[in-house]
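*Asks:* Mind looking over this structure? Questions follow.
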Amino acid sequence: MSLSDPVAAPVPEPARPRVARLELRRSLRSWRSLFSAAMSALALAMTILALTPLFSVLWMVIVRGGAKLRPSLFIELPPAAGMPGGGIGNAVVGTILMVAIASAIAVPLGILAAVFIGEFAPESRASTAARFAAKILTGMPSILAGVFAYTVVVLATGTFSAWAGGFALAILMVPIVVLTAADAIQGVPRKMREAAIGMGATRSQVVCHVVLPTARPAILTGVMLAVARAAGETAPLLFTALFFDYWPHPPFTEPTSSLAVLIYNFSGVPYPNMVGMAWTAALVLVVLVLATNIIAQVVTGRSEHSR
Amino acid sequence: MSADASLNQIGAPAVTSSNGTVIDCLINTLHYGDFLALRDTQLSIQKGTITAFIGPSGCGKSTALRCLNRMNDLIRGFRFVGHVLLDGQDIYDHQVDPVAVRRNIGMVFQLPNPFAMSIFKNVAFGLRLNRYKGDVEARVEQALRSAAIWDEVKDKLKNSGLSLSGGQQQRLCIARAIATDPEILLMDEPCSALDPIATRKIEELMFELKKRFTIVIVTHNMDQARRVADKTAFFYVDTRQGRTGYLVEYGDTSQIFENPRDSLTKEYVAGEFS
Ligand SMILES: Nc1ncnc2c1ncn2[C@@H]1O[C@H](COP(=O)(O)OP(=O)(O)O)[C@@H](O)[C@H]1O
Ligand SMILES: [Mg+2]
């Protein structure tokens with residue numbers, strides 16, 4: 001029988017049972033949807049919970065620190081106890097100075113160690129040991145770095161100094177740089193190394209021209225983490241740089257003030273002027289770390305036009 | 001089939017480099033650790049030709065290719081008995097620096113592997129390694145033109161090499177390999193990760209490159225070998241003792257495909273196994 005035959009009685013097409021149709025629409029009441037919605041809500045709640053203290057601290061620092069912010073703060077020395085006015089200029093310079101010294105020690109050292117661990121002998125016992133040591137060191141209480149630097153530098157030179165402070169901070173920075181840089185180096189695809197070797201690159205050329213440039217963004221992140229940590233450390237500086245009421249000046253062999261120690265010293269005194277200054281110092285510290293971050297991103301981003 | 005028979009088919013071994021021979025390769029045994037990967041393979045590669053290595057996967061095509069520029073040196077446990085004469089000089093001689101060997105032999109890998117740097121820097125890489133004193137920009141342009149990719153990238157030389165498509169990346173890698181003007185270009189399944197159109201482009205490119213370079217290409221695609229190669233070497237795996245690869249037959253491509261001497265070759269090119 002042909003379908004076009006008008007005379008033939010319409011053969012009832014066997015109706016497809018409705019039940020068999022695929023159910024593709026999303027059902028809001030299904031167990032799966034409810035569970036998914038509940039988990040999303042939970043995750044959101046936890047995120048808010050975790051970020052609340054962070055943002056409230058930041059908020060407090062901005063409000064309280066911002067209240068007393070004025071340009072003269074950066075060119076004046078701290079006030080004597082109970083006196084009005086004064087500034088945190090020497091602490092800003094001291095922090096920048098000591099973090100710079102620490103970075104000058106820790107970044108090259110850390111990256112070279114990472115090249116060994118990540119590139120030259122990734123499976124050797126020496127690398128495993130070095131990696132393990134670095135992991136332990138990242139968890140070390142920072143006061144130990146201070147005590148160590150006190151013994152090695154302060155006692156040996158007979159004076160508290162920016163050098164001792166920088167050295168103590170470097171001890172804290174090295175393991176962070178080593179671990180992040182080693183991971184970054186190992187993350188460089190093997191096929192890129194092969195390409196370079198195939199072109200006749202020596203081992204050191206592979207490292208300098210391919211591995212390090214490719215790993216650079218990740219290494220930079222590690223360095224910035226380390227800088228942020230060093231800039232905010234107080235305990236190691238109490239043993240090494242102490243505090244000083246005057247500007248640091250070459251050869252930097254006197255005690256040196258820093259923002260972290262200034263905050264520590266000023267936040268516990270009964271003089272509102274100094275307490276306010278501690279808040280401002282905290283704000284300046286945060287901005288300083290942020291600015292370093294941004295500058296580093298811009299500078300390294302510009303030198304490598306890979307985008 | 002015995003190894004001796006396969007050697008005899010190649011013809012007289014050319015120990016001294018004869019007129020057109022660029023590479024004279026003899027692999028008696030090649031081990032990775034305790035594993036005998038390749039044995040009894042001898043072939044000589046003629047200047048200005050394209051030579052294809054074909055055979056089932058795991059038969060040692062890549063291994064044989066990587067012997068020719070000492071890339072196998074990187075693999076732990078690699079041991080080699082034999083010789084590879086490049087213009088009459090044994091590159092496995094103790095006095096030879098593998099780095100110097102690789103600077104004269106370009107290599108293109110199975111997966112496109114541009115560096116995470118700009119297109120320009122990718123191509124200039126080899127020039128930089130060789131401390132090239134001339135006009136780097138001109139050389140880069142010339143290499144990109146030779147690799148038939150200049151028109152596609154000339155306006156974005158500062159973009160990352162990784163921003164290109166797979167086929168473009170592979171041609172970038174070819175440009176990078178030929179920028180230093182090597183005598184020989186080794187290609188290990190350069191099209192296996194590419195679509196048919198990109199594959200065609202690379203094949204066409206090889207005809208152009210043949211005028212300046214001697215090319216050795218590994219391919220699992222017999223049609224490709226038939227299309228591009230002047231000479232073809234067929235490798236097979238001997239499963240009787242381990243899985244050792246060896247050269248079964250080597251000759252003109254037309255002879256290998258139309259008039260194979262060995263029954264294994266005959267079955268393989270007829271597609272009776274893969
Ligand atoms: N790095 C290596 N270490 C150990 N064995 C390897 C290595 N590379 C290849 N082989 C072995 O050598 C044999 C030949 O490999 P390969 O040359 O890659 O074959 P093909 O390229 O023909 O597919 C295979 O059995 C493979 O498992
Ligand atoms: Mg292979």
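Chain labels A, B, ... are given in the sequence in which chains occur in the structure tokens; within each chain residues are numbered consecutively from 1, and ligands are likewise numbered from 1 in the order shown.
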Please report as a ChimeraX atom specification which residues of chain A come no farther than 12 Å from chain B, using only C-alpha atoms.
*Replies:* /A:188-206,208-217,301-307
*Asks:* Residues up to 7 Å from ligand 1, counting only C-alpha atoms and all ligand atoms: could you list those as a PyMOL selection string?
*Replies:* chain B and resi 32+37+55-64+75+243+245
*Asks:* Create the file for the chosen residues now, containing all heavy atoms and written as a compact mmCIF listing (two decimals), in the first residue's frame.
*Replies:*
# COMPACT_ATOMS: atom_id res chain seq x y z
N TYR B 32 68.95 0.06 23.83
CA TYR B 32 68.50 0.95 24.89
C TYR B 32 68.57 0.13 26.16
O TYR B 32 67.72 -0.73 26.37
CB TYR B 32 67.06 1.41 24.66
CG TYR B 32 66.87 2.34 23.48
CD1 TYR B 32 65.92 2.06 22.51
CD2 TYR B 32 67.61 3.50 23.36
CE1 TYR B 32 65.72 2.92 21.44
CE2 TYR B 32 67.42 4.36 22.29
CZ TYR B 32 66.47 4.07 21.34
OH TYR B 32 66.27 4.92 20.28
N ALA B 37 67.27 -2.69 20.19
CA ALA B 37 66.19 -2.02 19.45
C ALA B 37 66.36 -2.15 17.94
O ALA B 37 65.38 -2.22 17.21
CB ALA B 37 66.12 -0.56 19.85
N GLY B 55 57.66 1.46 7.77
CA GLY B 55 57.60 0.21 8.54
C GLY B 55 56.58 0.34 9.64
O GLY B 55 56.13 1.45 9.96
N PRO B 56 56.20 -0.79 10.23
CA PRO B 56 55.20 -0.75 11.30
C PRO B 56 55.73 -0.01 12.52
O PRO B 56 56.93 0.14 12.67
CB PRO B 56 54.95 -2.22 11.61
CG PRO B 56 56.17 -2.93 11.15
CD PRO B 56 56.68 -2.17 9.98
N SER B 57 54.84 0.41 13.39
CA SER B 57 55.31 1.21 14.52
C SER B 57 56.10 0.35 15.48
O SER B 57 55.80 -0.83 15.67
CB SER B 57 54.13 1.92 15.17
OG SER B 57 53.74 1.25 16.31
N GLY B 58 57.15 0.93 16.02
CA GLY B 58 58.01 0.22 16.95
C GLY B 58 59.14 -0.54 16.27
O GLY B 58 59.87 -1.28 16.93
N CYS B 59 59.29 -0.37 14.95
CA CYS B 59 60.33 -1.13 14.25
C CYS B 59 61.65 -0.38 14.22
O CYS B 59 62.61 -0.87 13.64
CB CYS B 59 59.88 -1.46 12.84
SG CYS B 59 59.71 0.00 11.81
N GLY B 60 61.71 0.79 14.83
CA GLY B 60 63.00 1.47 14.95
C GLY B 60 63.26 2.54 13.91
O GLY B 60 64.40 2.95 13.73
N LYS B 61 62.22 3.03 13.26
CA LYS B 61 62.41 4.08 12.26
C LYS B 61 62.97 5.34 12.93
O LYS B 61 63.96 5.91 12.48
CB LYS B 61 61.09 4.43 11.57
CG LYS B 61 60.37 3.26 10.94
CD LYS B 61 59.08 3.69 10.27
CE LYS B 61 58.02 4.22 11.23
NZ LYS B 61 57.46 3.22 12.14
N SER B 62 62.29 5.76 14.01
CA SER B 62 62.76 6.96 14.70
C SER B 62 64.14 6.74 15.28
O SER B 62 65.00 7.63 15.23
CB SER B 62 61.80 7.33 15.84
OG SER B 62 60.52 7.55 15.34
N THR B 63 64.35 5.56 15.80
CA THR B 63 65.66 5.25 16.37
C THR B 63 66.75 5.39 15.31
O THR B 63 67.78 6.01 15.55
CB THR B 63 65.64 3.82 16.93
OG1 THR B 63 64.66 3.75 17.95
CG2 THR B 63 66.98 3.43 17.49
N ALA B 64 66.50 4.84 14.13
CA ALA B 64 67.49 4.94 13.06
C ALA B 64 67.71 6.39 12.67
O ALA B 64 68.84 6.84 12.48
CB ALA B 64 67.02 4.12 11.85
N ILE B 75 69.34 9.57 25.45
CA ILE B 75 68.58 8.51 26.12
C ILE B 75 69.51 7.67 26.96
O ILE B 75 70.57 7.22 26.50
CB ILE B 75 67.84 7.65 25.07
CG1 ILE B 75 66.81 8.52 24.36
CG2 ILE B 75 67.19 6.44 25.73
CD1 ILE B 75 66.24 7.91 23.12
N ARG B 243 61.90 -7.64 20.47
CA ARG B 243 61.24 -6.97 19.35
C ARG B 243 62.27 -6.10 18.64
O ARG B 243 62.23 -4.89 18.71
CB ARG B 243 60.07 -6.11 19.85
CG ARG B 243 58.89 -6.92 20.35
CD ARG B 243 57.74 -6.00 20.70
NE ARG B 243 57.37 -5.12 19.59
CZ ARG B 243 56.60 -5.51 18.57
NH1 ARG B 243 56.11 -6.71 18.52
NH2 ARG B 243 56.31 -4.66 17.61
N GLY B 245 64.19 -4.30 15.71
CA GLY B 245 63.94 -3.80 14.37
C GLY B 245 65.16 -4.01 13.48
O GLY B 245 66.28 -4.12 13.96
*Asks:* Taking 6 positions as the minimum chain separation for residues in the same chain, which residues sit within 12 Å of stretch 74-81 of chain A when counting only C-alpha atoms? Answer as a VMD selection string.
*Replies:* chain A and resid 68 87 to 94 243 to 248 257 to 259 262 to 263 265 to 266 268 to 275 277 to 278 280 to 281 284
*Asks:* Using only C-alpha atoms, which residues sit within 8 Å of B:Asp262 once same-chain residues fewer than 4 positions away are excluded, as a VMD selection string?
*Replies:* chain B and resid 248 to 249 266
*Asks:* Suppose we keep all heavy atoms; can you now write the selection as a CSV table (one decimal), in the first residue's frame?
*Replies:*
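Listing of result-v3.csv after writing:
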chain,number,residue,atom,x,y,z
B,248,VAL,N,64.8,-4.2,6.2
B,248,VAL,CA,64.5,-5.3,5.4
B,248,VAL,C,65.0,-5.1,3.9
B,248,VAL,O,65.7,-5.9,3.3
B,248,VAL,CB,63.0,-5.6,5.3
B,248,VAL,CG1,62.7,-6.8,4.4
B,248,VAL,CG2,62.5,-5.9,6.8
B,249,GLU,N,64.6,-3.9,3.5
B,249,GLU,CA,65.0,-3.6,2.1
B,249,GLU,C,65.1,-2.1,1.8
B,249,GLU,O,64.4,-1.3,2.4
B,249,GLU,CB,63.8,-4.2,1.2
B,249,GLU,CG,64.2,-4.2,-0.3
B,249,GLU,CD,63.2,-4.9,-1.1
B,249,GLU,OE1,62.3,-5.6,-0.5
B,249,GLU,OE2,63.2,-4.8,-2.4
B,266,LYS,N,56.9,-7.0,0.2
B,266,LYS,CA,55.8,-7.1,-0.7
B,266,LYS,C,54.4,-7.1,0.0
B,266,LYS,O,53.5,-6.4,-0.3
B,266,LYS,CB,55.9,-8.5,-1.4
B,266,LYS,CG,55.1,-8.6,-2.7
B,266,LYS,CD,55.5,-9.9,-3.4
B,266,LYS,CE,55.0,-10.0,-4.8
B,266,LYS,NZ,55.8,-11.0,-5.5
*Asks:* Among stretch 69-119 of chain B, which ones does DSSP place in strand (DSSP E), written as number ranges by chain?
*Replies:* B: 78-86, 89-90, 105-108
*Asks:* In Å, with one decimal, what is the gap from atom CA of A:Ala168 to atom CA of A:Pro236?
*Replies:*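 Between atom CA of A:Ala168 and atom CA of A:Pro236 the gap is 6.0 Å.
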*Asks:* Among stretch 125-299 of chain A, which ones does DSSP assign to alpha helix (DSSP H) (computed from the backbone)? Answer as JSON, numbers by chain.
*Replies:* {"A": [125, 126, 127, 128, 129, 130, 131, 132, 133, 134, 135, 136, 137, 138, 142, 143, 144, 145, 146, 147, 148, 149, 155, 156, 157, 162, 163, 164, 165, 166, 167, 168, 169, 170, 171, 172, 173, 174, 175, 176, 177, 178, 179, 180, 181, 182, 183, 184, 185, 186, 190, 191, 192, 193, 194, 195, 196, 197, 198, 203, 204, 205, 212, 213, 214, 215, 216, 217, 218, 219, 220, 221, 222, 223, 224, 225, 226, 227, 228, 229, 230, 231, 232, 235, 236, 237, 238, 239, 240, 259, 260, 261, 262, 263, 264, 265, 266, 272, 273, 274, 275, 276, 277, 278, 279, 280, 281, 282, 283, 284, 285, 286, 287, 288, 289, 290, 291, 292, 293, 294, 295, 296, 297, 298, 299]}
*Asks:* At what distance in Å, to one decimal, does atom CA of A:His249 lie from atom CA of A:Gly276?
*Replies:* 26.6 Å
*Asks:* Neighbours of A:Ala230 within 7 Å (only C-alpha atoms; same-chain residues fewer than 2 positions away dropped), as a VMD selection string?
*Replies:* chain A and resid 99 169 172 to 173 226 to 228 232 to 233
*Asks:* Just how far from atom CA of B:Thr49 is atom CA of B:Tyr92, in Å to one decimal?
*Replies:*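 Computing it gives 23.5 Å between the two atoms.
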*Asks:* Please determine, counting only C-alpha atoms, which residue among A:Leu237, A:Ala181, A:Thr292, A:Gly158 has the shortest atom-to-atom distance to A:Met224.
*Replies:*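 When distances to A:Met224 are compared using only C-alpha atoms, the smallest one comes from A:Thr292.
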*Asks:* Please list as JSON, numbers by chain every residue within 10 Å of stretch 144-157 of chain A, counting only C-alpha atoms and excluding residues in the same chain fewer than 5 positions away.
*Replies:* {"A": [137, 163, 164, 165, 166, 167, 168, 169, 170, 171, 172, 234, 235, 236, 237, 238, 239, 240, 241, 253]}
*Asks:* Export C-alpha atoms of the chosen residues as a PDB file, in the first residue's frame?
*Replies:*
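This is the output file out_35.pdb:
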ATOM      1  CA  LEU A 137      62.638  25.493  55.345  1.00  0.00           C
ATOM      2  CA  TRP A 163      73.196  43.393  55.795  1.00  0.00           C
ATOM      3  CA  ALA A 164      72.256  41.101  58.646  1.00  0.00           C
ATOM      4  CA  GLY A 165      68.591  41.900  58.108  1.00  0.00           C
ATOM      5  CA  GLY A 166      68.859  41.245  54.382  1.00  0.00           C
ATOM      6  CA  PHE A 167      70.673  37.996  55.062  1.00  0.00           C
ATOM      7  CA  ALA A 168      67.947  36.821  57.449  1.00  0.00           C
ATOM      8  CA  LEU A 169      65.233  37.678  54.935  1.00  0.00           C
ATOM      9  CA  ALA A 170      67.195  35.892  52.189  1.00  0.00           C
ATOM     10  CA  ILE A 171      67.076  32.704  54.253  1.00  0.00           C
ATOM     11  CA  LEU A 172      63.307  32.941  54.187  1.00  0.00           C
ATOM     12  CA  THR A 234      59.233  41.183  61.691  1.00  0.00           C
ATOM     13  CA  ALA A 235      60.799  38.500  63.862  1.00  0.00           C
ATOM     14  CA  PRO A 236      64.008  37.945  61.882  1.00  0.00           C
ATOM     15  CA  LEU A 237      64.626  41.692  61.752  1.00  0.00           C
ATOM     16  CA  LEU A 238      64.317  42.089  65.515  1.00  0.00           C
ATOM     17  CA  PHE A 239      67.445  39.975  65.823  1.00  0.00           C
ATOM     18  CA  THR A 240      69.394  41.452  62.967  1.00  0.00           C
ATOM     19  CA  ALA A 241      68.436  44.977  61.975  1.00  0.00           C
ATOM     20  CA  THR A 253      76.474  48.861  59.144  1.00  0.00           C
TER      21      THR A 253
END
